[in-house]
$ cat protein.txt   # compact mmCIF, C-alpha atoms and all ligand atoms
# COMPACT_ATOMS: atom_id res chain seq x y z
CA MET C 1 22.27 1.66 17.06
CA LYS C 2 19.48 -0.14 18.92
CA PRO C 3 16.47 -0.95 16.73
CA ILE C 4 14.25 1.37 18.80
CA GLN C 5 16.61 4.30 18.19
CA GLU C 6 16.82 3.40 14.54
CA ALA C 7 13.01 3.31 14.34
CA ALA C 8 12.75 6.72 16.04
CA ARG C 9 15.24 8.16 13.57
CA HIS C 10 13.24 6.89 10.56
CA ILE C 11 10.00 8.23 12.05
CA HIS C 12 11.54 11.65 12.69
CA ARG C 13 12.72 11.95 9.11
CA ALA C 14 9.39 10.83 7.59
CA ASP C 15 6.60 13.05 6.35
CA THR C 16 3.94 10.38 6.47
CA VAL C 17 3.86 7.59 9.05
CA VAL C 18 1.19 4.90 9.18
CA ALA C 19 0.74 2.10 11.70
CA LEU C 20 -0.70 -1.30 10.82
CA THR C 21 -1.84 -3.20 13.89
CA GLY C 22 -2.96 -6.78 14.48
CA ALA C 23 -4.15 -8.86 17.39
CA GLY C 24 -0.69 -8.63 19.02
CA ALA C 25 -1.23 -4.89 19.64
CA SER C 26 -4.08 -5.76 22.02
CA ALA C 27 -2.44 -8.86 23.52
CA ASP C 28 -0.86 -6.76 26.29
CA SER C 29 -4.39 -5.61 27.21
CA GLY C 30 -5.25 -9.24 27.94
CA ILE C 31 -7.18 -9.84 24.72
CA PRO C 32 -6.06 -13.17 23.29
CA THR C 33 -4.76 -13.37 19.73
CA PHE C 34 -6.28 -16.01 17.51
CA ARG C 35 -3.16 -18.08 17.86
CA GLY C 36 -3.01 -17.55 21.62
CA LYS C 37 -3.56 -20.22 24.23
CA ASP C 38 -5.98 -19.16 26.88
CA GLY C 39 -9.58 -19.09 27.91
CA LEU C 40 -12.70 -21.09 27.71
CA TRP C 41 -12.81 -21.06 23.95
CA ASN C 42 -9.33 -22.40 23.58
CA LYS C 43 -10.60 -25.78 22.49
CA TYR C 44 -12.13 -24.18 19.42
CA ASP C 45 -10.10 -22.87 16.52
CA PRO C 46 -11.18 -19.26 15.93
CA ARG C 47 -10.44 -19.74 12.28
CA GLU C 48 -13.29 -22.27 12.30
CA LEU C 49 -15.71 -20.07 14.26
CA ALA C 50 -15.11 -16.77 12.47
CA THR C 51 -16.54 -17.94 9.17
CA PRO C 52 -19.87 -17.58 7.34
CA GLU C 53 -20.10 -21.38 7.24
CA ALA C 54 -19.85 -21.68 11.03
CA PHE C 55 -22.57 -19.04 11.44
CA ALA C 56 -24.86 -20.80 8.99
CA ARG C 57 -24.31 -24.12 10.79
CA ASP C 58 -24.54 -22.93 14.39
CA PRO C 59 -25.35 -19.22 14.89
CA VAL C 60 -25.92 -19.69 18.63
CA LYS C 61 -22.42 -21.08 19.16
CA VAL C 62 -20.85 -18.32 17.08
CA TRP C 63 -22.82 -15.65 18.98
CA LYS C 64 -21.79 -17.15 22.35
CA TRP C 65 -18.17 -16.94 21.29
CA TYR C 66 -18.59 -13.30 20.23
CA LEU C 67 -20.36 -12.41 23.49
CA TRP C 68 -17.44 -13.98 25.39
CA ARG C 69 -15.00 -11.88 23.33
CA ARG C 70 -17.09 -8.71 23.82
CA LYS C 71 -17.03 -9.27 27.58
CA LYS C 72 -13.23 -9.69 27.59
CA ILE C 73 -12.86 -6.54 25.48
CA ALA C 74 -15.24 -4.53 27.70
CA GLU C 75 -13.12 -5.46 30.73
CA ALA C 76 -9.84 -4.58 28.99
CA GLN C 77 -8.02 -1.24 28.92
CA PRO C 78 -5.89 0.26 26.17
CA ASN C 79 -2.18 -0.49 26.74
CA PRO C 80 0.91 1.66 26.02
CA CYS C 81 0.86 0.52 22.40
CA HIS C 82 -2.58 2.09 21.90
CA THR C 83 -1.82 5.18 23.99
CA THR C 84 1.55 5.82 22.30
CA LEU C 85 -0.06 5.65 18.86
CA ALA C 86 -2.74 8.13 20.03
CA TRP C 87 -0.01 10.39 21.44
CA MET C 88 1.94 10.20 18.15
CA GLU C 89 -1.18 11.30 16.26
CA ARG C 90 -1.73 14.26 18.62
CA GLU C 91 1.92 15.26 18.20
CA GLY C 92 1.54 15.20 14.41
CA ILE C 93 4.02 12.31 14.08
CA LEU C 94 1.49 9.68 12.95
CA ASP C 95 -1.06 10.05 10.16
CA ALA C 96 -3.31 7.03 10.66
CA VAL C 97 -3.76 3.66 12.28
CA VAL C 98 -4.88 0.88 9.98
CA THR C 99 -6.07 -1.96 12.16
CA GLN C 100 -7.14 -5.55 11.75
CA ASN C 101 -8.47 -5.46 15.29
CA VAL C 102 -12.17 -5.28 15.92
CA ASP C 103 -11.94 -4.29 19.61
CA GLY C 104 -12.08 -0.48 19.31
CA LEU C 105 -9.16 -0.02 21.75
CA HIS C 106 -7.35 2.43 19.46
CA GLN C 107 -10.36 4.74 19.57
CA ARG C 108 -10.72 4.28 23.33
CA ALA C 109 -7.05 5.31 23.70
CA GLY C 110 -7.79 8.52 21.77
CA SER C 111 -6.75 7.73 18.20
CA ARG C 112 -8.99 9.66 15.82
CA HIS C 113 -7.86 8.48 12.42
CA VAL C 114 -8.48 4.73 12.61
CA ILE C 115 -9.24 2.57 9.60
CA GLU C 116 -10.89 -0.67 10.61
CA LEU C 117 -10.18 -3.31 7.99
CA HIS C 118 -12.10 -6.09 9.73
CA GLY C 119 -15.06 -4.19 11.12
CA ASN C 120 -16.04 -3.67 14.74
CA ILE C 121 -17.09 -6.33 17.19
CA TRP C 122 -19.64 -3.99 18.84
CA THR C 123 -21.71 -3.63 15.68
CA ASP C 124 -24.83 -5.76 15.11
CA GLU C 125 -25.66 -6.20 11.46
CA CYS C 126 -28.78 -7.68 9.89
CA THR C 127 -28.14 -10.73 7.71
CA SER C 128 -31.03 -9.70 5.46
CA CYS C 129 -31.72 -5.93 5.38
CA ASP C 130 -29.55 -2.80 5.81
CA TYR C 131 -30.14 -2.52 9.57
CA GLU C 132 -26.98 -1.89 11.55
CA ARG C 133 -26.32 -0.64 15.06
CA THR C 134 -23.13 -0.16 17.06
CA ASN C 135 -23.47 -0.94 20.77
CA ASP C 136 -21.88 1.19 23.45
CA PRO C 137 -19.98 -1.12 25.80
CA GLU C 138 -19.62 1.73 28.35
CA ALA C 139 -23.41 1.67 28.63
CA GLY C 140 -23.36 -2.11 29.04
CA GLU C 141 -24.89 -2.66 25.60
CA GLY C 142 -24.31 -5.65 23.38
CA LEU C 143 -23.25 -8.05 26.14
CA GLU C 144 -26.41 -10.12 26.35
CA TYR C 145 -29.59 -10.67 24.36
CA PRO C 146 -32.96 -12.11 25.30
CA GLU C 147 -32.49 -14.74 22.58
CA LEU C 148 -29.68 -16.00 20.39
CA PRO C 149 -29.19 -15.25 17.63
CA PRO C 150 -30.66 -11.78 18.27
CA LYS C 151 -33.29 -10.72 15.74
CA CYS C 152 -33.36 -7.64 13.52
CA PRO C 153 -35.87 -5.12 14.95
CA GLU C 154 -36.81 -4.11 11.40
CA CYS C 155 -37.23 -7.37 9.52
CA GLY C 156 -36.86 -10.18 12.08
CA ALA C 157 -33.91 -11.89 10.37
CA PRO C 158 -30.97 -12.97 12.54
CA LEU C 159 -28.37 -10.33 13.42
CA ARG C 160 -24.65 -11.03 13.09
CA PRO C 161 -21.58 -9.32 14.52
CA GLY C 162 -20.29 -6.57 12.22
CA VAL C 163 -16.90 -8.13 11.66
CA VAL C 164 -15.23 -9.52 8.56
CA TRP C 165 -15.06 -13.30 8.73
CA PHE C 166 -12.45 -15.49 7.10
CA GLY C 167 -13.36 -15.83 3.45
CA GLU C 168 -15.33 -12.55 3.33
CA PRO C 169 -14.31 -9.42 1.43
CA LEU C 170 -13.04 -6.40 3.35
CA PRO C 171 -15.09 -3.18 3.42
CA PRO C 172 -14.02 -1.64 0.09
CA ASP C 173 -13.70 1.96 1.33
CA ALA C 174 -11.46 0.98 4.24
CA LEU C 175 -9.28 -1.20 2.04
CA LEU C 176 -8.91 1.49 -0.63
CA ARG C 177 -7.97 4.11 1.95
CA ALA C 178 -5.47 1.73 3.58
CA GLN C 179 -3.87 0.99 0.20
CA GLU C 180 -3.64 4.71 -0.53
CA LEU C 181 -1.93 5.30 2.81
CA ALA C 182 0.44 2.38 2.17
CA ARG C 183 1.49 3.90 -1.16
CA GLU C 184 1.90 7.38 0.34
CA CYS C 185 3.70 6.67 3.59
CA ASP C 186 7.43 6.98 4.24
CA VAL C 187 7.30 4.69 7.26
CA MET C 188 4.96 1.83 8.06
CA LEU C 189 5.00 0.57 11.63
CA VAL C 190 3.74 -3.02 11.63
CA ILE C 191 2.73 -4.04 15.13
CA GLY C 192 1.57 -7.45 16.35
CA THR C 193 0.38 -8.98 13.14
CA SER C 194 1.27 -12.42 11.86
CA GLY C 195 1.18 -11.23 8.26
CA GLU C 196 -0.81 -14.28 7.33
CA VAL C 197 -4.26 -12.72 6.93
CA ARG C 198 -4.64 -11.22 3.48
CA PRO C 199 -5.20 -8.66 2.04
CA ALA C 200 -4.10 -6.75 5.18
CA ALA C 201 -0.74 -8.51 5.04
CA ASP C 202 -0.15 -7.10 1.55
CA LEU C 203 -0.12 -3.52 2.87
CA PRO C 204 3.47 -3.54 4.20
CA ILE C 205 4.60 -5.09 0.90
CA LEU C 206 2.77 -2.35 -1.02
CA ALA C 207 4.33 0.32 1.23
CA LYS C 208 7.79 -1.14 0.79
CA SER C 209 7.44 -1.33 -2.98
CA HIS C 210 6.59 2.39 -2.96
CA GLY C 211 9.75 3.21 -1.05
CA ALA C 212 8.59 3.14 2.57
CA THR C 213 10.69 1.92 5.46
CA VAL C 214 8.98 -0.99 7.22
CA ILE C 215 9.42 -1.30 10.99
CA GLU C 216 8.14 -4.49 12.62
CA ILE C 217 7.32 -4.84 16.31
CA ASN C 218 6.64 -8.47 17.15
CA PRO C 219 8.27 -10.85 19.63
CA SER C 220 8.08 -13.61 17.00
CA GLU C 221 9.31 -13.70 13.44
CA THR C 222 6.46 -13.38 10.96
CA ALA C 223 5.78 -13.74 7.26
CA LEU C 224 6.58 -10.01 7.04
CA SER C 225 9.93 -10.15 8.88
CA PRO C 226 11.93 -10.69 5.68
CA ILE C 227 10.82 -7.31 4.28
CA ALA C 228 11.26 -5.36 7.54
CA ASP C 229 14.01 -2.73 7.47
CA VAL C 230 13.98 -2.54 11.26
CA ARG C 231 12.82 -5.40 13.50
CA ILE C 232 12.01 -4.82 17.15
CA PRO C 233 11.65 -8.29 18.69
CA GLN C 234 9.60 -7.25 21.71
CA ARG C 235 6.04 -7.17 22.96
CA ALA C 236 4.03 -4.20 21.69
CA ALA C 237 3.45 -2.40 25.02
CA PRO C 238 7.06 -2.18 26.27
CA ALA C 239 8.39 -1.56 22.76
CA MET C 240 6.01 1.35 22.17
CA GLU C 241 6.80 2.79 25.61
CA GLU C 242 10.49 2.79 24.66
CA LEU C 243 9.72 4.20 21.25
CA ARG C 244 7.84 7.08 22.83
CA LYS C 245 10.85 7.90 25.03
CA ALA C 246 13.16 7.72 22.01
CA LEU C 247 10.87 10.03 20.02
CA GLU C 248 10.67 12.50 22.93
CA GLU C 249 14.45 12.55 23.32
CA ALA C 250 15.32 12.77 19.66
P1 LIG D 301 -2.85 -13.35 14.77
O1 LIG D 301 -3.54 -13.88 15.98
O2 LIG D 301 -2.82 -14.14 13.53
O3 LIG D 301 -1.33 -13.00 15.12
C1 LIG D 301 -1.01 -12.25 16.22
C2 LIG D 301 0.44 -11.77 16.10
O4 LIG D 301 0.72 -11.00 17.26
C3 LIG D 301 1.48 -12.88 16.03
O5 LIG D 301 2.40 -12.59 15.01
C4 LIG D 301 2.16 -12.81 17.41
O6 LIG D 301 3.55 -13.13 17.34
C5 LIG D 301 1.98 -11.37 17.76
N1 LIG D 301 1.97 -11.08 19.19
C6 LIG D 301 1.51 -11.85 20.21
N2 LIG D 301 1.64 -11.19 21.38
C7 LIG D 301 2.19 -9.98 21.08
C8 LIG D 301 2.53 -8.84 21.86
N3 LIG D 301 2.34 -8.82 23.18
N4 LIG D 301 3.05 -7.77 21.21
C9 LIG D 301 3.24 -7.78 19.86
N5 LIG D 301 2.91 -8.82 19.07
C10 LIG D 301 2.40 -9.91 19.69
O7 LIG D 301 -3.48 -11.95 14.56
P2 LIG D 301 -3.65 -11.14 13.26
O8 LIG D 301 -2.46 -11.29 12.37
O9 LIG D 301 -4.04 -9.83 13.70
O10 LIG D 301 -4.86 -11.85 12.45
C11 LIG D 301 -5.98 -12.52 12.97
C12 LIG D 301 -7.32 -11.80 12.74
O11 LIG D 301 -8.13 -12.05 13.86
C13 LIG D 301 -7.21 -10.32 12.70
O12 LIG D 301 -7.27 -9.90 11.41
C14 LIG D 301 -8.42 -9.78 13.50
O13 LIG D 301 -9.48 -9.44 12.66
C15 LIG D 301 -8.82 -10.90 14.34
N6 LIG D 301 -8.55 -10.71 15.79
C16 LIG D 301 -8.78 -9.51 16.39
C17 LIG D 301 -8.52 -9.33 17.74
C18 LIG D 301 -8.78 -7.99 18.39
O14 LIG D 301 -9.55 -7.21 17.87
N7 LIG D 301 -8.11 -7.68 19.51
C19 LIG D 301 -8.03 -10.40 18.50
C20 LIG D 301 -7.83 -11.63 17.85
C21 LIG D 301 -8.10 -11.76 16.49
ZN ZN D 302 -33.22 -6.72 9.02
$ encode --input "protein.txt" --output "structure tokens"
Amino acid sequence: MKPIQEAARHIHRADTVVALTGAGASADSGIPTFRGKDGLWNKYDPRELATPEAFARDPVKVWKWYLWRRKKIAEAQPNPCHTTLAWMEREGILDAVVTQNVDGLHQRAGSRHVIELHGNIWTDECTSCDYERTNDPEAGEGLEYPELPPKCPECGAPLRPGVVWFGEPLPPDALLRAQELARECDVMLVIGTSGEVRPAADLPILAKSHGATVIEINPSETALSPIADVRIPQRAAPAMEELRKALEEA
């Protein structure tokens, strides 16, 4: 049996199905992964820009990089990976999407139950008080500021993007909910994640240890490949298009 058919069979038999997505799920929308090779910011290592230390050292540079990413995301469209997951949710086949992505493309594709482990790139957060605001890219918000770093309208301290940087803890509610889902699910679909960013990468291991079937969609082998019951070595968009057909036919 082809891995796609095998995946569809597992999904059909399952009561609870959860997807875990990483940067690879948005790669087919033209949004580079952190390990990707394209764009102006290629000469910088994202793992050295997406840190509290980088922001403390050079907030203007970090903000410029985020504004470049916001622009790319605003220009992008959800791809068949996002739309198939939204369709699966509407059909009652999928319970939730747990994502490491900060781009909001799952929600734009129509997914309702999305758990964002690493925050949202469109949110501005005060570095000092509780002020927080999520920009609407459709309204052209959050793409430029009169000064960088932008200042908090309530206390004047610098604002930062509302994402989780390397070395920072995950939002506790999102992580707890994701762990609950990992323990409960019968199938975890792991799409486009390198499995190297913890604690998100622990979720498939947690799911597996509670009896779930792990299905991996990734053109490259990852740190999670050894625990995958089914491996689909393809890009996310074509693989999810095929999976949709297999689910419709089954
Ligand atoms: P990563 O960059 O470490 O790994 C990306 C993975 O996607 C790799 O395993 C790669 O083989 C795979 N991949 C590449 N193209 C693919 C495709 N077309 N289809 C399927 N898989 C593909 O990303 P990560 O593991 O998600 O971790 C990096 C962190 O950086 C994330 O936690 C996230 O917070 C952040 N990030 C987010 C975005 C976004 O929101 N779109 C983009 C880049 C990075
Ligand atoms: Zn403030």
$ atom_distance --input "protein.txt" --atom1 "atom CA of Glu221 of chain C" --atom2 "atom CA of Ala250 of chain C"
27.8 Å
$ residues_near_ligand --input "protein.txt" --ligand "ligand LIG 301 (chain D)" --cutoff "6 Å" --atoms "all atoms listed in the file" --output "JSON, numbers by chain"
{"C": [22, 23, 24, 25, 26, 27, 28, 31, 32, 33, 34, 35, 100, 101, 102, 103, 118, 192, 193, 194, 195, 197, 218, 219, 220, 222, 235, 236]}
$ atom_distance --input "protein.txt" --atom1 "atom CA of Gln107 of chain C" --atom2 "atom CA of Asp95 of chain C"
14.3 Å
$ residues_near_ligand --input "protein.txt" --ligand "ligand ZN 302 (chain D)" --cutoff "9 Å" --atoms "all atoms listed in the file" --output "list in words"
Glu125, Cys126, Thr127, Ser128, Cys129, Asp130, Tyr131, Glu132, Lys151, Cys152, Pro153, Glu154, Cys155, Gly156, Ala157, Pro158 and Leu159 of chain C
$ closest_residue --input "protein.txt" --among "C:Ala237, C:Ala8, C:Val114, C:Leu67" --to "Ile93 of chain C" --atoms "all atoms listed in the file"
C:Ala8
$ closest_residue --input "protein.txt" --among "C:Arg231, C:His106, C:Arg160, C:Lys2" --to "Leu189 of chain C" --atoms "all atoms listed in the file"
C:Arg231
$ decode --input "protein.txt" --residues "segment 68-79 of chain C" --atoms "all heavy atoms" --output "PDB file, in the first residue's frame"
ATOM      1  N   TRP C  68      10.277  42.479   7.251  1.00  0.00           N
ATOM      2  CA  TRP C  68      10.509  41.765   5.980  1.00  0.00           C
ATOM      3  C   TRP C  68       9.706  40.463   5.960  1.00  0.00           C
ATOM      4  O   TRP C  68       9.048  40.141   4.973  1.00  0.00           O
ATOM      5  CB  TRP C  68      12.010  41.503   5.817  1.00  0.00           C
ATOM      6  CG  TRP C  68      12.350  40.614   4.654  1.00  0.00           C
ATOM      7  CD1 TRP C  68      12.371  40.965   3.339  1.00  0.00           C
ATOM      8  CD2 TRP C  68      12.724  39.231   4.706  1.00  0.00           C
ATOM      9  NE1 TRP C  68      12.738  39.875   2.566  1.00  0.00           N
ATOM     10  CE2 TRP C  68      12.952  38.797   3.375  1.00  0.00           C
ATOM     11  CE3 TRP C  68      12.894  38.305   5.746  1.00  0.00           C
ATOM     12  CZ2 TRP C  68      13.335  37.494   3.062  1.00  0.00           C
ATOM     13  CZ3 TRP C  68      13.278  37.006   5.436  1.00  0.00           C
ATOM     14  CH2 TRP C  68      13.495  36.609   4.112  1.00  0.00           C
ATOM     15  N   ARG C  69       9.720  39.744   7.085  1.00  0.00           N
ATOM     16  CA  ARG C  69       8.945  38.483   7.140  1.00  0.00           C
ATOM     17  C   ARG C  69       7.450  38.757   7.076  1.00  0.00           C
ATOM     18  O   ARG C  69       6.704  38.048   6.407  1.00  0.00           O
ATOM     19  CB  ARG C  69       9.299  37.715   8.414  1.00  0.00           C
ATOM     20  CG  ARG C  69      10.717  37.149   8.374  1.00  0.00           C
ATOM     21  CD  ARG C  69      11.042  36.350   9.621  1.00  0.00           C
ATOM     22  NE  ARG C  69      10.157  35.217   9.802  1.00  0.00           N
ATOM     23  CZ  ARG C  69       9.934  34.624  10.961  1.00  0.00           C
ATOM     24  NH1 ARG C  69      10.518  35.056  12.061  1.00  0.00           N
ATOM     25  NH2 ARG C  69       9.128  33.597  11.040  1.00  0.00           N
ATOM     26  N   ARG C  70       6.984  39.805   7.783  1.00  0.00           N
ATOM     27  CA  ARG C  70       5.554  40.143   7.740  1.00  0.00           C
ATOM     28  C   ARG C  70       5.116  40.437   6.310  1.00  0.00           C
ATOM     29  O   ARG C  70       4.033  40.039   5.892  1.00  0.00           O
ATOM     30  CB  ARG C  70       5.263  41.359   8.633  1.00  0.00           C
ATOM     31  CG  ARG C  70       5.196  41.027  10.117  1.00  0.00           C
ATOM     32  CD  ARG C  70       4.826  42.263  10.910  1.00  0.00           C
ATOM     33  NE  ARG C  70       4.711  41.994  12.349  1.00  0.00           N
ATOM     34  CZ  ARG C  70       4.401  42.912  13.256  1.00  0.00           C
ATOM     35  NH1 ARG C  70       4.185  44.176  12.871  1.00  0.00           N
ATOM     36  NH2 ARG C  70       4.310  42.592  14.531  1.00  0.00           N
ATOM     37  N   LYS C  71       5.976  41.166   5.576  1.00  0.00           N
ATOM     38  CA  LYS C  71       5.622  41.533   4.205  1.00  0.00           C
ATOM     39  C   LYS C  71       5.482  40.272   3.350  1.00  0.00           C
ATOM     40  O   LYS C  71       4.522  40.113   2.603  1.00  0.00           O
ATOM     41  CB  LYS C  71       6.702  42.473   3.643  1.00  0.00           C
ATOM     42  CG  LYS C  71       6.381  43.054   2.310  1.00  0.00           C
ATOM     43  CD  LYS C  71       7.272  44.275   2.033  1.00  0.00           C
ATOM     44  CE  LYS C  71       7.219  44.663   0.571  1.00  0.00           C
ATOM     45  NZ  LYS C  71       8.046  43.781  -0.288  1.00  0.00           N
ATOM     46  N   LYS C  72       6.449  39.362   3.476  1.00  0.00           N
ATOM     47  CA  LYS C  72       6.401  38.098   2.725  1.00  0.00           C
ATOM     48  C   LYS C  72       5.132  37.315   3.060  1.00  0.00           C
ATOM     49  O   LYS C  72       4.503  36.723   2.192  1.00  0.00           O
ATOM     50  CB  LYS C  72       7.623  37.241   3.085  1.00  0.00           C
ATOM     51  CG  LYS C  72       8.837  37.495   2.216  1.00  0.00           C
ATOM     52  CD  LYS C  72       9.846  36.370   2.401  1.00  0.00           C
ATOM     53  CE  LYS C  72      10.179  35.579   1.170  1.00  0.00           C
ATOM     54  NZ  LYS C  72      10.555  36.148  -0.040  1.00  0.00           N
ATOM     55  N   ILE C  73       4.778  37.316   4.346  1.00  0.00           N
ATOM     56  CA  ILE C  73       3.603  36.560   4.793  1.00  0.00           C
ATOM     57  C   ILE C  73       2.321  37.220   4.279  1.00  0.00           C
ATOM     58  O   ILE C  73       1.396  36.544   3.837  1.00  0.00           O
ATOM     59  CB  ILE C  73       3.621  36.430   6.334  1.00  0.00           C
ATOM     60  CG1 ILE C  73       4.755  35.489   6.758  1.00  0.00           C
ATOM     61  CG2 ILE C  73       2.272  35.945   6.863  1.00  0.00           C
ATOM     62  CD1 ILE C  73       5.084  35.518   8.240  1.00  0.00           C
ATOM     63  N   ALA C  74       2.299  38.565   4.295  1.00  0.00           N
ATOM     64  CA  ALA C  74       1.106  39.281   3.819  1.00  0.00           C
ATOM     65  C   ALA C  74       0.875  39.002   2.335  1.00  0.00           C
ATOM     66  O   ALA C  74      -0.266  38.923   1.876  1.00  0.00           O
ATOM     67  CB  ALA C  74       1.263  40.778   4.061  1.00  0.00           C
ATOM     68  N   GLU C  75       1.963  38.821   1.586  1.00  0.00           N
ATOM     69  CA  GLU C  75       1.840  38.558   0.142  1.00  0.00           C
ATOM     70  C   GLU C  75       1.504  37.102  -0.167  1.00  0.00           C
ATOM     71  O   GLU C  75       1.124  36.769  -1.279  1.00  0.00           O
ATOM     72  CB  GLU C  75       3.171  38.906  -0.560  1.00  0.00           C
ATOM     73  CG  GLU C  75       3.447  40.400  -0.629  1.00  0.00           C
ATOM     74  CD  GLU C  75       4.917  40.720  -0.919  1.00  0.00           C
ATOM     75  OE1 GLU C  75       5.736  39.788  -1.095  1.00  0.00           O
ATOM     76  OE2 GLU C  75       5.253  41.920  -0.946  1.00  0.00           O
ATOM     77  N   ALA C  76       1.677  36.224   0.827  1.00  0.00           N
ATOM     78  CA  ALA C  76       1.505  34.782   0.587  1.00  0.00           C
ATOM     79  C   ALA C  76       0.044  34.355   0.707  1.00  0.00           C
ATOM     80  O   ALA C  76      -0.770  35.072   1.294  1.00  0.00           O
ATOM     81  CB  ALA C  76       2.347  34.002   1.592  1.00  0.00           C
ATOM     82  N   GLN C  77      -0.262  33.205   0.138  1.00  0.00           N
ATOM     83  CA  GLN C  77      -1.598  32.619   0.241  1.00  0.00           C
ATOM     84  C   GLN C  77      -1.483  31.242   0.875  1.00  0.00           C
ATOM     85  O   GLN C  77      -0.485  30.558   0.662  1.00  0.00           O
ATOM     86  CB  GLN C  77      -2.206  32.436  -1.167  1.00  0.00           C
ATOM     87  CG  GLN C  77      -2.489  33.727  -1.908  1.00  0.00           C
ATOM     88  CD  GLN C  77      -3.460  34.629  -1.177  1.00  0.00           C
ATOM     89  OE1 GLN C  77      -4.407  34.144  -0.548  1.00  0.00           O
ATOM     90  NE2 GLN C  77      -3.232  35.927  -1.226  1.00  0.00           N
ATOM     91  N   PRO C  78      -2.517  30.825   1.602  1.00  0.00           N
ATOM     92  CA  PRO C  78      -2.518  29.448   2.103  1.00  0.00           C
ATOM     93  C   PRO C  78      -2.362  28.471   0.933  1.00  0.00           C
ATOM     94  O   PRO C  78      -2.824  28.749  -0.174  1.00  0.00           O
ATOM     95  CB  PRO C  78      -3.904  29.297   2.737  1.00  0.00           C
ATOM     96  CG  PRO C  78      -4.384  30.677   3.002  1.00  0.00           C
ATOM     97  CD  PRO C  78      -3.740  31.563   1.981  1.00  0.00           C
ATOM     98  N   ASN C  79      -1.677  27.352   1.170  1.00  0.00           N
ATOM     99  CA  ASN C  79      -1.492  26.345   0.115  1.00  0.00           C
ATOM    100  C   ASN C  79      -2.358  25.120   0.436  1.00  0.00           C
ATOM    101  O   ASN C  79      -3.025  25.082   1.471  1.00  0.00           O
ATOM    102  CB  ASN C  79       0.007  26.027  -0.026  1.00  0.00           C
ATOM    103  CG  ASN C  79       0.553  25.276   1.178  1.00  0.00           C
ATOM    104  OD1 ASN C  79       0.071  24.187   1.518  1.00  0.00           O
ATOM    105  ND2 ASN C  79       1.544  25.846   1.851  1.00  0.00           N
TER     106      ASN C  79
END
